[in-house]
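S.K.: The structure file data09.cif (mmCIF, C-alpha atoms) is provided below.
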```
data_input
#
loop_
_atom_site.label_atom_id
_atom_site.label_comp_id
_atom_site.auth_asym_id
_atom_site.auth_seq_id
_atom_site.Cartn_x
_atom_site.Cartn_y
_atom_site.Cartn_z
CA MET A 1 -0.71 -2.41 9.22
CA HIS A 2 0.14 1.03 10.44
CA LYS A 3 -1.43 2.50 7.32
CA VAL A 4 -4.66 0.52 7.76
CA VAL A 5 -5.08 1.82 11.30
CA THR A 6 -4.59 5.39 10.09
CA VAL A 7 -7.13 5.07 7.31
CA ASP A 8 -9.79 3.48 9.52
CA LEU A 9 -9.30 6.12 12.16
CA GLU A 10 -9.62 8.82 9.51
CA LYS A 11 -12.87 7.29 8.29
CA ASP A 12 -14.19 7.25 11.86
CA ILE A 13 -13.29 10.89 12.38
CA LEU A 14 -14.81 12.00 9.09
CA SER A 15 -18.08 10.09 9.54
CA GLU A 16 -18.42 11.33 13.13
CA ASN A 17 -17.83 14.87 11.85
CA ARG A 18 -20.53 14.45 9.22
CA ARG A 19 -22.97 13.20 11.85
CA ILE A 20 -22.41 16.29 14.03
CA ALA A 21 -22.51 18.58 10.96
CA ASN A 22 -25.98 17.21 10.18
CA GLU A 23 -27.05 17.89 13.77
CA ASN A 24 -25.73 21.46 13.55
CA ARG A 25 -27.65 21.97 10.33
CA LYS A 26 -30.88 20.64 11.86
CA ARG A 27 -30.43 22.89 14.85
CA LEU A 28 -29.83 25.94 12.65
CA GLU A 29 -32.95 25.13 10.64
CA GLU A 30 -35.04 24.77 13.79
CA HIS A 31 -34.07 28.39 14.46
CA GLU A 32 -34.62 29.36 10.81
CA ILE A 33 -30.98 30.38 10.41
CA VAL A 34 -29.21 30.14 7.07
CA ALA A 35 -25.47 29.51 7.52
CA PHE A 36 -22.48 30.03 5.24
CA ASP A 37 -19.02 28.50 5.63
CA PHE A 38 -16.36 30.89 4.32
CA LEU A 39 -13.15 29.18 3.18
CA GLY A 40 -10.00 30.66 1.69
CA ALA A 41 -6.35 31.37 2.31
CA ILE A 42 -5.31 33.74 5.04
CA GLY A 43 -5.49 37.33 3.82
CA SER A 44 -7.86 36.54 0.96
CA GLY A 45 -10.43 38.92 2.41
CA LYS A 46 -12.93 36.60 4.14
CA THR A 47 -13.30 38.75 7.26
CA LEU A 48 -13.82 42.00 5.36
CA ILE A 49 -16.42 40.39 3.08
CA ILE A 50 -18.36 39.06 6.08
CA GLU A 51 -18.16 42.49 7.75
CA LYS A 52 -19.65 44.05 4.61
CA LEU A 53 -22.40 41.41 4.38
CA VAL A 54 -23.34 42.01 8.00
CA GLU A 55 -23.83 45.72 7.22
CA VAL A 56 -25.92 44.86 4.15
CA LEU A 57 -28.16 42.71 6.38
CA LYS A 58 -28.49 45.51 8.94
CA ALA A 59 -29.69 47.89 6.20
CA LYS A 60 -32.34 45.31 5.30
CA GLY A 61 -33.43 44.90 8.91
CA LYS A 62 -32.02 41.37 9.11
CA ARG A 63 -29.73 40.00 11.77
CA GLY A 64 -26.33 38.47 11.07
CA ALA A 65 -23.94 36.68 13.40
CA ALA A 66 -20.45 35.30 12.93
CA ILE A 67 -18.11 32.59 14.12
CA ALA A 68 -14.39 33.39 13.77
CA GLY A 69 -12.16 30.36 13.32
CA ASP A 70 -8.40 30.79 13.71
CA VAL A 71 -5.44 28.80 14.94
CA SER A 72 -4.88 31.42 17.62
CA GLY A 73 -5.83 34.97 18.54
CA ASP A 74 -9.10 36.87 18.34
CA ASP A 75 -8.40 39.53 15.68
CA ASP A 76 -11.32 38.50 13.47
CA TYR A 77 -13.68 38.00 16.40
CA GLN A 78 -12.94 41.57 17.55
CA ARG A 79 -13.64 42.86 14.05
CA PHE A 80 -17.03 41.11 14.05
CA THR A 81 -18.12 42.30 17.48
CA ALA A 82 -17.21 45.88 16.48
CA HIS A 83 -20.24 45.67 14.16
CA GLY A 84 -22.49 45.05 17.13
CA ILE A 85 -23.42 41.51 16.09
CA PRO A 86 -23.35 38.31 18.14
CA ALA A 87 -20.06 36.50 17.52
CA ALA A 88 -18.08 33.53 18.80
CA ASN A 89 -14.35 32.88 18.62
CA ILE A 90 -12.87 29.43 17.99
CA ASN A 91 -9.14 28.81 18.37
CA THR A 92 -8.19 25.47 16.88
CA GLY A 93 -4.74 25.34 18.47
CA LYS A 94 -2.79 23.26 15.99
CA GLU A 95 -5.66 22.15 13.78
CA CYS A 96 -5.81 23.67 10.31
CA HIS A 97 -9.61 23.60 10.00
CA LEU A 98 -12.82 24.00 11.96
CA ASP A 99 -14.86 20.89 12.55
CA ALA A 100 -18.54 20.31 13.29
CA HIS A 101 -17.90 19.64 16.97
CA LEU A 102 -16.13 23.00 17.49
CA VAL A 103 -18.95 24.78 15.66
CA ASP A 104 -21.50 22.92 17.79
CA HIS A 105 -19.85 24.44 20.88
CA ALA A 106 -19.79 27.90 19.32
CA LEU A 107 -23.53 27.64 18.59
CA GLU A 108 -24.06 27.29 22.35
CA ASP A 109 -22.62 30.77 22.77
CA LEU A 110 -24.86 32.44 20.20
CA PRO A 111 -28.45 33.72 20.72
CA LEU A 112 -29.90 31.50 17.98
CA ASP A 113 -33.41 32.95 18.27
CA LYS A 114 -32.12 36.40 17.38
CA ILE A 115 -30.16 35.46 14.25
CA ASP A 116 -31.25 35.23 10.60
CA TYR A 117 -27.90 34.49 8.97
CA LEU A 118 -24.71 32.97 10.36
CA PHE A 119 -21.31 33.48 8.77
CA ILE A 120 -18.70 30.90 9.76
CA GLU A 121 -15.16 31.96 8.90
CA ASN A 122 -13.00 28.87 8.65
CA VAL A 123 -9.26 28.69 9.36
CA GLY A 124 -7.30 30.34 6.55
CA ASN A 125 -5.99 27.74 4.14
CA LEU A 126 -7.17 25.90 1.06
CA VAL A 127 -6.45 22.30 2.02
CA CYS A 128 -7.74 21.12 5.36
CA PRO A 129 -11.30 22.49 5.66
CA VAL A 130 -12.54 20.55 2.59
CA ASP A 131 -13.17 17.27 4.40
CA PHE A 132 -14.87 18.82 7.41
CA PRO A 133 -18.34 20.18 6.72
CA VAL A 134 -19.60 22.13 9.72
CA GLY A 135 -23.33 22.18 8.99
CA SER A 136 -23.58 25.26 6.76
CA HIS A 137 -26.04 25.57 3.87
CA LYS A 138 -23.53 26.96 1.41
CA ARG A 139 -19.78 27.04 1.11
CA VAL A 140 -18.07 30.17 -0.19
CA VAL A 141 -14.39 30.06 -1.14
CA VAL A 142 -12.55 33.38 -1.33
CA ILE A 143 -9.25 33.79 -3.16
CA SER A 144 -7.25 36.89 -3.93
CA VAL A 145 -5.49 37.73 -7.17
CA THR A 146 -2.45 38.57 -5.02
CA GLU A 147 -2.04 34.83 -4.47
CA GLY A 148 -1.07 34.28 -8.12
CA ASP A 149 -2.93 32.92 -11.15
CA ASP A 150 -2.10 29.27 -10.38
CA MET A 151 -4.23 29.13 -7.22
CA VAL A 152 -7.13 27.11 -8.58
CA ARG A 153 -4.90 24.58 -10.33
CA LYS A 154 -3.01 24.06 -7.07
CA HIS A 155 -6.13 23.45 -4.97
CA PRO A 156 -8.84 22.08 -7.25
CA VAL A 157 -10.69 20.15 -4.53
CA ILE A 158 -11.78 23.11 -2.44
CA PHE A 159 -13.16 24.82 -5.56
CA ALA A 160 -14.97 21.67 -6.63
CA PHE A 161 -16.76 21.51 -3.28
CA SER A 162 -17.79 25.16 -2.97
CA ASP A 163 -21.06 26.77 -4.09
CA VAL A 164 -19.72 30.28 -4.59
CA ILE A 165 -16.20 31.23 -5.70
CA VAL A 166 -15.10 34.80 -4.98
CA ILE A 167 -12.03 36.14 -6.81
CA ASN A 168 -11.12 39.12 -4.64
CA LYS A 169 -8.79 42.13 -4.88
CA VAL A 170 -9.20 42.33 -8.67
CA ASP A 171 -8.08 45.98 -8.37
CA LEU A 172 -4.57 44.72 -7.54
CA ALA A 173 -4.36 42.39 -10.55
CA GLN A 174 -2.34 44.76 -12.69
CA ALA A 175 0.15 45.68 -9.95
CA MET A 176 0.61 41.93 -9.29
CA GLU A 177 0.89 41.10 -12.99
CA VAL A 178 -1.82 38.48 -12.48
CA ASP A 179 -4.64 37.88 -14.98
CA PRO A 180 -7.92 37.30 -13.08
CA LYS A 181 -9.38 35.73 -16.22
CA ILE A 182 -7.04 32.74 -15.76
CA LEU A 183 -8.36 32.22 -12.24
CA GLU A 184 -11.93 32.56 -13.52
CA ARG A 185 -11.31 30.08 -16.36
CA ASP A 186 -9.71 27.50 -14.03
CA ALA A 187 -12.51 27.93 -11.49
CA ARG A 188 -15.15 27.48 -14.19
CA ARG A 189 -13.46 24.29 -15.43
CA THR A 190 -13.12 22.89 -11.92
CA ASN A 191 -16.69 23.66 -10.92
CA PRO A 192 -19.07 24.54 -13.77
CA ALA A 193 -22.01 24.76 -11.33
CA ALA A 194 -20.50 27.32 -8.96
CA LYS A 195 -21.32 31.00 -9.04
CA ILE A 196 -18.07 32.91 -9.71
CA ILE A 197 -17.83 36.52 -8.58
CA MET A 198 -15.06 39.02 -9.41
CA MET A 199 -14.72 41.28 -6.40
CA ASP A 200 -12.94 44.26 -4.91
CA ALA A 201 -14.38 43.98 -1.43
CA ARG A 202 -12.62 47.07 -0.11
CA ARG A 203 -14.42 49.29 -2.63
CA GLY A 204 -17.64 47.25 -2.74
CA LYS A 205 -17.25 45.93 -6.28
CA GLY A 206 -19.08 42.60 -6.71
CA MET A 207 -20.89 42.89 -3.38
CA ASP A 208 -24.39 43.11 -4.90
CA GLU A 209 -23.68 39.98 -6.90
CA LEU A 210 -22.53 38.12 -3.79
CA VAL A 211 -25.60 39.26 -1.85
CA ARG A 212 -27.78 37.82 -4.62
CA ALA A 213 -25.76 34.59 -4.84
CA LEU A 214 -26.26 34.03 -1.10
CA GLY A 215 -29.94 34.96 -1.26
CA LEU A 216 -29.60 37.66 1.43
CA MET B 217 -10.27 5.97 24.40
CA HIS B 218 -10.61 7.17 20.86
CA LYS B 219 -8.58 10.26 21.74
CA VAL B 220 -5.75 8.20 23.26
CA VAL B 221 -5.41 6.14 20.10
CA THR B 222 -5.26 9.29 18.01
CA VAL B 223 -2.59 10.88 20.16
CA ASP B 224 -0.41 7.78 20.24
CA LEU B 225 -0.68 7.39 16.50
CA GLU B 226 0.24 11.03 16.05
CA LYS B 227 3.30 10.56 18.24
CA ASP B 228 4.33 7.56 16.16
CA ILE B 229 3.96 9.49 12.92
CA LEU B 230 5.89 12.50 14.23
CA SER B 231 8.77 10.51 15.67
CA GLU B 232 9.05 8.40 12.51
CA ASN B 233 9.10 11.62 10.49
CA ARG B 234 11.89 13.03 12.65
CA ARG B 235 13.90 9.84 12.17
CA ILE B 236 13.65 10.09 8.37
CA ALA B 237 14.34 13.84 8.50
CA ASN B 238 17.61 13.11 10.31
CA GLU B 239 18.49 10.56 7.63
CA ASN B 240 17.75 13.09 4.88
CA ARG B 241 19.95 15.63 6.62
CA LYS B 242 22.82 13.14 6.95
CA ARG B 243 22.50 12.22 3.30
CA LEU B 244 22.53 15.88 2.23
CA GLU B 245 25.63 16.49 4.33
CA GLU B 246 27.43 13.49 2.81
CA HIS B 247 26.97 15.30 -0.49
CA GLU B 248 27.92 18.67 1.05
CA ILE B 249 24.51 20.13 0.24
CA VAL B 250 22.96 22.88 2.36
CA ALA B 251 19.16 22.69 2.30
CA PHE B 252 16.46 25.25 3.08
CA ASP B 253 12.79 24.54 3.79
CA PHE B 254 10.62 27.43 2.53
CA LEU B 255 7.28 27.77 4.33
CA GLY B 256 4.52 30.30 3.85
CA ALA B 257 0.98 30.80 2.64
CA ILE B 258 0.13 30.25 -1.00
CA GLY B 259 0.94 33.36 -3.03
CA SER B 260 3.36 34.76 -0.46
CA GLY B 261 6.16 34.66 -3.02
CA LYS B 262 8.13 31.53 -2.08
CA THR B 263 8.59 30.33 -5.67
CA LEU B 264 9.75 33.71 -6.99
CA ILE B 265 12.23 34.13 -4.14
CA ILE B 266 13.71 30.67 -4.80
CA GLU B 267 13.93 31.48 -8.53
CA LYS B 268 15.86 34.66 -7.71
CA LEU B 269 18.18 32.83 -5.28
CA VAL B 270 18.93 30.21 -7.93
CA GLU B 271 20.02 32.99 -10.30
CA VAL B 272 22.20 34.55 -7.58
CA LEU B 273 23.90 31.18 -7.12
CA LYS B 274 24.46 30.83 -10.87
CA ALA B 275 26.20 34.22 -10.95
CA LYS B 276 28.49 32.96 -8.17
CA GLY B 277 29.25 29.72 -10.00
CA LYS B 278 27.30 27.65 -7.47
CA ARG B 279 24.64 25.09 -8.22
CA GLY B 280 21.11 25.21 -6.84
CA ALA B 281 18.30 22.67 -7.06
CA ALA B 282 14.69 22.75 -5.95
CA ILE B 283 11.88 20.53 -4.75
CA ALA B 284 8.37 21.85 -5.44
CA GLY B 285 5.73 20.70 -2.95
CA ASP B 286 2.08 21.24 -3.81
CA VAL B 287 -1.24 19.53 -3.22
CA SER B 288 -1.60 19.10 -6.98
CA GLY B 289 -0.19 20.36 -10.27
CA ASP B 290 3.35 21.17 -11.38
CA ASP B 291 3.26 24.96 -11.86
CA ASP B 292 6.14 25.63 -9.47
CA TYR B 293 8.18 22.67 -10.73
CA GLN B 294 7.92 24.04 -14.28
CA ARG B 295 9.05 27.46 -13.06
CA PHE B 296 12.13 25.88 -11.44
CA THR B 297 13.14 23.75 -14.42
CA ALA B 298 12.85 26.84 -16.66
CA HIS B 299 15.97 28.08 -14.83
CA GLY B 300 17.88 25.03 -16.02
CA ILE B 301 18.33 23.57 -12.54
CA PRO B 302 17.62 20.05 -11.31
CA ALA B 303 14.16 19.94 -9.76
CA ALA B 304 11.66 17.43 -8.38
CA ASN B 305 7.89 17.74 -8.03
CA ILE B 306 5.95 16.37 -5.06
CA ASN B 307 2.15 16.27 -5.08
CA THR B 308 0.81 15.57 -1.62
CA GLY B 309 -2.73 14.78 -2.77
CA LYS B 310 -4.79 15.76 0.24
CA GLU B 311 -1.98 16.38 2.70
CA CYS B 312 -1.31 19.97 3.66
CA HIS B 313 2.44 19.59 4.20
CA LEU B 314 5.53 17.81 2.91
CA ASP B 315 7.02 15.16 5.14
CA ALA B 316 10.51 13.68 5.39
CA HIS B 317 9.50 10.50 3.59
CA LEU B 318 8.23 12.39 0.53
CA VAL B 319 11.42 14.47 0.47
CA ASP B 320 13.49 11.28 0.79
CA HIS B 321 11.87 10.04 -2.44
CA ALA B 322 12.46 13.38 -4.17
CA LEU B 323 16.16 13.21 -3.25
CA GLU B 324 16.35 9.97 -5.26
CA ASP B 325 15.43 11.97 -8.36
CA LEU B 326 18.08 14.66 -7.89
CA PRO B 327 21.77 14.50 -8.95
CA LEU B 328 23.06 15.06 -5.41
CA ASP B 329 26.71 15.18 -6.47
CA LYS B 330 26.03 18.16 -8.70
CA ILE B 331 24.19 20.34 -6.19
CA ASP B 332 25.50 22.88 -3.66
CA TYR B 333 22.20 24.22 -2.32
CA LEU B 334 18.74 22.69 -2.22
CA PHE B 335 15.57 24.76 -1.89
CA ILE B 336 12.54 22.81 -0.67
CA GLU B 337 9.27 24.67 -1.23
CA ASN B 338 6.70 23.32 1.18
CA VAL B 339 2.92 23.22 0.60
CA GLY B 340 1.45 26.72 0.90
CA ASN B 341 -0.07 27.21 4.32
CA LEU B 342 1.05 28.35 7.75
CA VAL B 343 -0.27 25.55 9.92
CA CYS B 344 0.57 22.01 8.87
CA PRO B 345 4.26 22.06 7.89
CA VAL B 346 5.41 23.10 11.38
CA ASP B 347 5.41 19.60 12.89
CA PHE B 348 7.09 17.92 9.93
CA PRO B 349 10.79 18.77 9.57
CA VAL B 350 12.08 17.41 6.27
CA GLY B 351 15.83 17.45 6.97
CA SER B 352 16.71 21.02 5.95
CA HIS B 353 19.40 23.08 7.67
CA LYS B 354 17.31 26.23 7.93
CA ARG B 355 13.65 27.08 7.78
CA VAL B 356 12.54 30.25 6.02
CA VAL B 357 8.96 31.48 6.41
CA VAL B 358 7.67 33.92 3.79
CA ILE B 359 4.62 36.10 4.37
CA SER B 360 3.18 38.88 2.26
CA VAL B 361 1.82 42.20 3.47
CA THR B 362 -1.21 41.47 1.27
CA GLU B 363 -2.23 38.85 3.82
CA GLY B 364 -3.00 41.53 6.44
CA ASP B 365 -1.16 42.78 9.51
CA ASP B 366 -2.59 40.12 11.83
CA MET B 367 -0.75 37.22 10.14
CA VAL B 368 1.90 36.62 12.79
CA ARG B 369 -0.56 36.81 15.67
CA LYS B 370 -2.74 34.22 13.92
CA HIS B 371 0.09 31.73 13.31
CA PRO B 372 2.72 32.28 15.99
CA VAL B 373 4.04 28.70 15.98
CA ILE B 374 5.42 28.70 12.43
CA PHE B 375 7.26 31.95 13.15
CA ALA B 376 8.65 30.62 16.41
CA PHE B 377 10.14 27.62 14.59
CA SER B 378 11.70 29.44 11.62
CA ASP B 379 15.25 30.78 11.31
CA VAL B 380 14.51 33.51 8.78
CA ILE B 381 11.26 35.48 8.45
CA VAL B 382 10.67 37.25 5.13
CA ILE B 383 7.98 39.96 5.00
CA ASN B 384 7.39 40.20 1.25
CA LYS B 385 5.57 42.55 -1.13
CA VAL B 386 6.27 45.59 1.08
CA ASP B 387 5.72 47.71 -2.04
CA LEU B 388 1.99 46.85 -1.83
CA ALA B 389 1.66 47.81 1.83
CA GLN B 390 0.18 51.23 1.16
CA ALA B 391 -2.33 50.02 -1.43
CA MET B 392 -3.41 47.31 1.04
CA GLU B 393 -3.52 49.74 3.98
CA VAL B 394 -1.29 47.36 5.91
CA ASP B 395 1.56 48.51 8.14
CA PRO B 396 4.56 46.17 7.66
CA LYS B 397 6.00 47.46 10.95
CA ILE B 398 3.21 45.64 12.83
CA LEU B 399 4.17 42.38 11.15
CA GLU B 400 7.83 43.05 11.96
CA ARG B 401 7.06 43.85 15.59
CA ASP B 402 4.91 40.72 16.05
CA ALA B 403 7.55 38.57 14.35
CA ARG B 404 10.28 40.01 16.59
CA ARG B 405 8.20 39.31 19.71
CA THR B 406 7.40 35.76 18.61
CA ASN B 407 10.96 34.90 17.64
CA PRO B 408 13.65 37.30 18.91
CA ALA B 409 16.42 35.08 17.44
CA ALA B 410 15.14 35.01 13.86
CA LYS B 411 16.53 37.19 11.10
CA ILE B 412 13.66 39.36 9.78
CA ILE B 413 13.89 40.69 6.23
CA MET B 414 11.60 43.27 4.59
CA MET B 415 11.39 42.33 0.92
CA ASP B 416 9.97 43.24 -2.47
CA ALA B 417 11.09 40.13 -4.30
CA ARG B 418 9.73 41.23 -7.66
CA ARG B 419 12.03 44.27 -7.69
CA GLY B 420 14.89 42.62 -5.79
CA LYS B 421 14.57 44.65 -2.60
CA GLY B 422 15.91 42.70 0.41
CA MET B 423 17.47 40.01 -1.74
CA ASP B 424 21.09 40.81 -0.72
CA GLU B 425 20.05 40.58 2.92
CA LEU B 426 18.41 37.19 2.36
CA VAL B 427 21.47 35.91 0.50
CA ARG B 428 23.60 36.87 3.51
CA ALA B 429 21.12 35.39 6.01
CA LEU B 430 21.27 32.06 4.18
CA GLY B 431 25.05 32.20 3.82
CA LEU B 432 24.93 31.79 0.01
#
```
Kindly return the structure encoded in the file as structure tokens.
M.R.:
Amino acid sequence: MHKVVTVDLEKDILSENRRIANENRKRLEEHEIVAFDFLGAIGSGKTLIIEKLVEVLKAKGKRGAAIAGDVSGDDDYQRFTAHGIPAANINTGKECHLDAHLVDHALEDLPLDKIDYLFIENVGNLVCPVDFPVGSHKRVVVISVTEGDDMVRKHPVIFAFSDVIVINKVDLAQAMEVDPKILERDARRTNPAAKIIMMDARRGKGMDELVRALGL
Amino acid sequence: MHKVVTVDLEKDILSENRRIANENRKRLEEHEIVAFDFLGAIGSGKTLIIEKLVEVLKAKGKRGAAIAGDVSGDDDYQRFTAHGIPAANINTGKECHLDAHLVDHALEDLPLDKIDYLFIENVGNLVCPVDFPVGSHKRVVVISVTEGDDMVRKHPVIFAFSDVIVINKVDLAQAMEVDPKILERDARRTNPAAKIIMMDARRGKGMDELVRALGL
């Protein structure tokens, strides 16, 4: 009985989230904005990669914006605004993922007519965000070799539901005694359709490939 | 209305979890087992630290056991059994944390009369496990400097509710341009009572301190 109630409630929540995600997407498209949802564990390098993409856009005369999703604090939000772009901060409190409703509110705070691309940085973990699309056009999952070579095997679902898989901090692979090829192989098996990019975001390695994969 | 139902259901789930956690704890104490719940992001080094602790116990003639909690796969379980200790594997499917009920089942699979210390490795993230005590005597949270120096500020709750805070991979701090002192300062502010240990688990740095903090 108890279980049935839980499951039904979960279905309600998920279908309501999908409905709002579709609305967000429609709204973004009305403003001709392409949006990306960045997933990945904390410390995998999501914020730095978005910062670099924003600068790439600037150099091309295009306008980026960002939504920073975190349980608490505004560290990432501050990093985005330091680039002079419109940004919004979402604190989820105890929730381990963004949802479409929270992103809907954040869209209210952004000058949608002045944005070409929107980067949504989800809360840092590889479990919860999977079930909650927020209305983005593509999902990018970022992992770091410092997390170990068993990452993909431990969290297959998030890799299966992403369009681009970034394996970051490859420069640290040797120091960590991790083989990035194992991560690449597991990612390929889990999602043969995804674009997989080996990256060292700090030094710019792989950035051109990511820019192409996102169509920027 | 919808919200009220959710909240009540959540309360039910949390109080039922606490009840089972207390039962687990009582059962462990009947067998004179001291148990530790290891929390921390994926790749922070939880498994390696438990492997090293198990070897320390062996050298002292004491018997360790481990429960590996992961969304999927048995990588960590295999690493534990390779040390010749009793171990159990829990796959949570889509859940982002262990709960007391899952640990209760895992206890059934362990030879409780032949164990002195039990290490429970929770699912790798810093959000979900907080609300779900599993019956351990102490909580240890492990973070890695590779995750960035804003980690504690982003997840204060898990640090506030842990007894021991391990800041791991300090050897990589310079390469990552991360200052471990910021993590230490934030951890101290968030939880003045916790024991904070700077560690390089791979090379054994900080291990003696952790052994003392856990009373092994």
S.K.: Using all atoms listed in the file, which residues sit within 8 Å of segment 262-264 of chain B once same-chain residues fewer than 2 positions away are excluded, as a list in words?
M.R.: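 Skipping anything fewer than 2 positions along the chain leaves Phe254, Leu255, Gly256, Gly259, Ser260, Ile266, Glu267, Lys268, Asp292, Arg295, Glu337, Val358, Ala417 and Arg418 of chain B.
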S.K.: Between B:Ile265, B:Ala376, B:Ala403, B:Ala281, which one has atoms that come closest to Ile336 of chain B, using only C-alpha atoms?
M.R.: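 Of B:Ile265, B:Ala376, B:Ala403, B:Ala281, the one nearest Ile336 of chain B, counting only C-alpha atoms, is B:Ala281.
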S.K.: For chain B versus chain A, which residues have an atom no more than 8 Å away, and what is each residue's nearest atom pair and distance in Å rounded to one decimal, using only C-alpha atoms, chain-then-number order, as a Markdown table?
M.R.:
```
| residue | atom | partner | partner_atom | distance |
| --- | --- | --- | --- | --- |
| B:Thr222 | CA | A:Leu9 | CA | 7.8 |
| B:Leu225 | CA | A:Thr6 | CA | 7.8 |
| B:Ala257 | CA | A:Ile42 | CA | 7.3 |
| B:Ile258 | CA | A:Glu147 | CA | 6.1 |
| B:Gly259 | CA | A:Glu147 | CA | 3.6 |
| B:Ser260 | CA | A:Glu147 | CA | 6.7 |
| B:Asp286 | CA | A:Lys154 | CA | 6.7 |
| B:Val287 | CA | A:Lys154 | CA | 6.2 |
| B:Ser288 | CA | A:Lys154 | CA | 5.2 |
| B:Gly289 | CA | A:Lys154 | CA | 5.6 |
| B:Asp291 | CA | A:Asp150 | CA | 7.0 |
| B:Lys310 | CA | A:Val127 | CA | 7.0 |
| B:Glu311 | CA | A:Val127 | CA | 7.4 |
| B:Cys312 | CA | A:Val127 | CA | 5.9 |
| B:Asn341 | CA | A:Asn125 | CA | 5.9 |
| B:Leu342 | CA | A:Asn125 | CA | 7.9 |
| B:Val343 | CA | A:Cys96 | CA | 5.9 |
| B:Cys344 | CA | A:Cys96 | CA | 6.7 |
| B:Thr362 | CA | A:Gly43 | CA | 6.5 |
| B:Glu363 | CA | A:Gly43 | CA | 3.6 |
| B:Gly364 | CA | A:Gly43 | CA | 5.5 |
| B:Asp366 | CA | A:Asp75 | CA | 7.0 |
| B:Met367 | CA | A:Ile42 | CA | 7.7 |
| B:Arg369 | CA | A:Gly73 | CA | 6.3 |
| B:Lys370 | CA | A:Ser72 | CA | 5.1 |
| B:His371 | CA | A:Val71 | CA | 6.5 |
| B:Pro372 | CA | A:Ser72 | CA | 7.8 |
```
S.K.: Which residues are near Glu248 of chain B? Cut-off 12 Å, only C-alpha atoms, ignore same chain within fewer than 4 positions. Put them as a PDB file with C-alpha atoms, in the coordinates of the input.
M.R.:
```
ATOM      1  CA  ARG B 241      19.950  15.630   6.620  1.00  0.00           C
ATOM      2  CA  LYS B 242      22.820  13.140   6.950  1.00  0.00           C
ATOM      3  CA  ARG B 243      22.500  12.220   3.300  1.00  0.00           C
ATOM      4  CA  LEU B 244      22.530  15.880   2.230  1.00  0.00           C
ATOM      5  CA  ARG B 279      24.640  25.090  -8.220  1.00  0.00           C
ATOM      6  CA  LEU B 328      23.060  15.060  -5.410  1.00  0.00           C
ATOM      7  CA  ASP B 329      26.710  15.180  -6.470  1.00  0.00           C
ATOM      8  CA  LYS B 330      26.030  18.160  -8.700  1.00  0.00           C
ATOM      9  CA  ILE B 331      24.190  20.340  -6.190  1.00  0.00           C
ATOM     10  CA  ASP B 332      25.500  22.880  -3.660  1.00  0.00           C
ATOM     11  CA  TYR B 333      22.200  24.220  -2.320  1.00  0.00           C
ATOM     12  CA  LEU B 334      18.740  22.690  -2.220  1.00  0.00           C
ATOM     13  CA  HIS B 353      19.400  23.080   7.670  1.00  0.00           C
TER      14      HIS B 353
END
```
S.K.: Tell me which residues the PyMOL selection byres ((chain A and resi 23) around 12) grabs here, as a list of chain:residue names.
M.R.: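 When the PyMOL selection byres ((chain A and resi 23) around 12) is applied, the selected residues are A:Glu16, A:Asn17, A:Arg18, A:Arg19, A:Ile20, A:Ala21, A:Asn22, A:Asn24, A:Arg25, A:Lys26, A:Arg27, A:Leu28, A:Glu29, A:Glu30, A:Ala100, A:His101, A:Val103, A:Asp104, A:Leu107, A:Pro133, A:Val134, A:Gly135, A:Ser136.
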S.K.: Can I get the selected residues back with C-alpha atoms, as a tab-separated table (two decimals), in the coordinates of the input?
M.R.:
```
chain	number	residue	atom	x	y	z
A	16	GLU	CA	-18.42	11.33	13.13
A	17	ASN	CA	-17.83	14.87	11.85
A	18	ARG	CA	-20.53	14.45	9.22
A	19	ARG	CA	-22.97	13.20	11.85
A	20	ILE	CA	-22.41	16.29	14.03
A	21	ALA	CA	-22.51	18.58	10.96
A	22	ASN	CA	-25.98	17.21	10.18
A	24	ASN	CA	-25.73	21.46	13.55
A	25	ARG	CA	-27.65	21.97	10.33
A	26	LYS	CA	-30.88	20.64	11.86
A	27	ARG	CA	-30.43	22.89	14.85
A	28	LEU	CA	-29.83	25.94	12.65
A	29	GLU	CA	-32.95	25.13	10.64
A	30	GLU	CA	-35.04	24.77	13.79
A	100	ALA	CA	-18.54	20.31	13.29
A	101	HIS	CA	-17.90	19.64	16.97
A	103	VAL	CA	-18.95	24.78	15.66
A	104	ASP	CA	-21.50	22.92	17.79
A	107	LEU	CA	-23.53	27.64	18.59
A	133	PRO	CA	-18.34	20.18	6.72
A	134	VAL	CA	-19.60	22.13	9.72
A	135	GLY	CA	-23.33	22.18	8.99
A	136	SER	CA	-23.58	25.26	6.76
```
S.K.: Any idea what the distance is between atom CA of Pro192 of chain A and atom CA of Val170 of chain A?
M.R.: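 Straight-line distance from atom CA of Pro192 of chain A to atom CA of Val170 of chain A works out to 21.0 Å.
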S.K.: Which distance in Å separates atom CA of Glu400 of chain B and atom CA of Val141 of chain A, to one decimal?
M.R.: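 Answer for the atom CA of Glu400 of chain B to atom CA of Val141 of chain A separation: 28.9 Å.
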S.K.: Provide the atom CA of Lys62 of chain A to atom CA of Phe161 of chain A distance in Å, to one decimal place.
M.R.: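 Atom-to-atom, atom CA of Lys62 of chain A to atom CA of Phe161 of chain A, that is 27.9 Å.
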S.K.: Residue by residue, what does the PyMOL selection byres ((chain B and resi 415) around 8) grab here? Present the result as a ChimeraX atom specification.
M.R.: /B:382-386,413-414,416-417,420-423
S.K.: So what does the PyMOL selection byres ((chain A and resi 87) around 8) actually pick up in this one, as a short mmCIF file (atom, residue, chain, number, x, y, z; two decimals) with C-alpha atoms, in the frame of the given file?
M.R.:
```
data_model
loop_
_atom_site.label_atom_id
_atom_site.label_comp_id
_atom_site.auth_asym_id
_atom_site.auth_seq_id
_atom_site.Cartn_x
_atom_site.Cartn_y
_atom_site.Cartn_z
CA ALA A 65 -23.94 36.68 13.40
CA ALA A 66 -20.45 35.30 12.93
CA ILE A 67 -18.11 32.59 14.12
CA ALA A 68 -14.39 33.39 13.77
CA TYR A 77 -13.68 38.00 16.40
CA PHE A 80 -17.03 41.11 14.05
CA THR A 81 -18.12 42.30 17.48
CA ILE A 85 -23.42 41.51 16.09
CA PRO A 86 -23.35 38.31 18.14
CA ALA A 88 -18.08 33.53 18.80
CA ASN A 89 -14.35 32.88 18.62
CA LEU A 110 -24.86 32.44 20.20
#
```
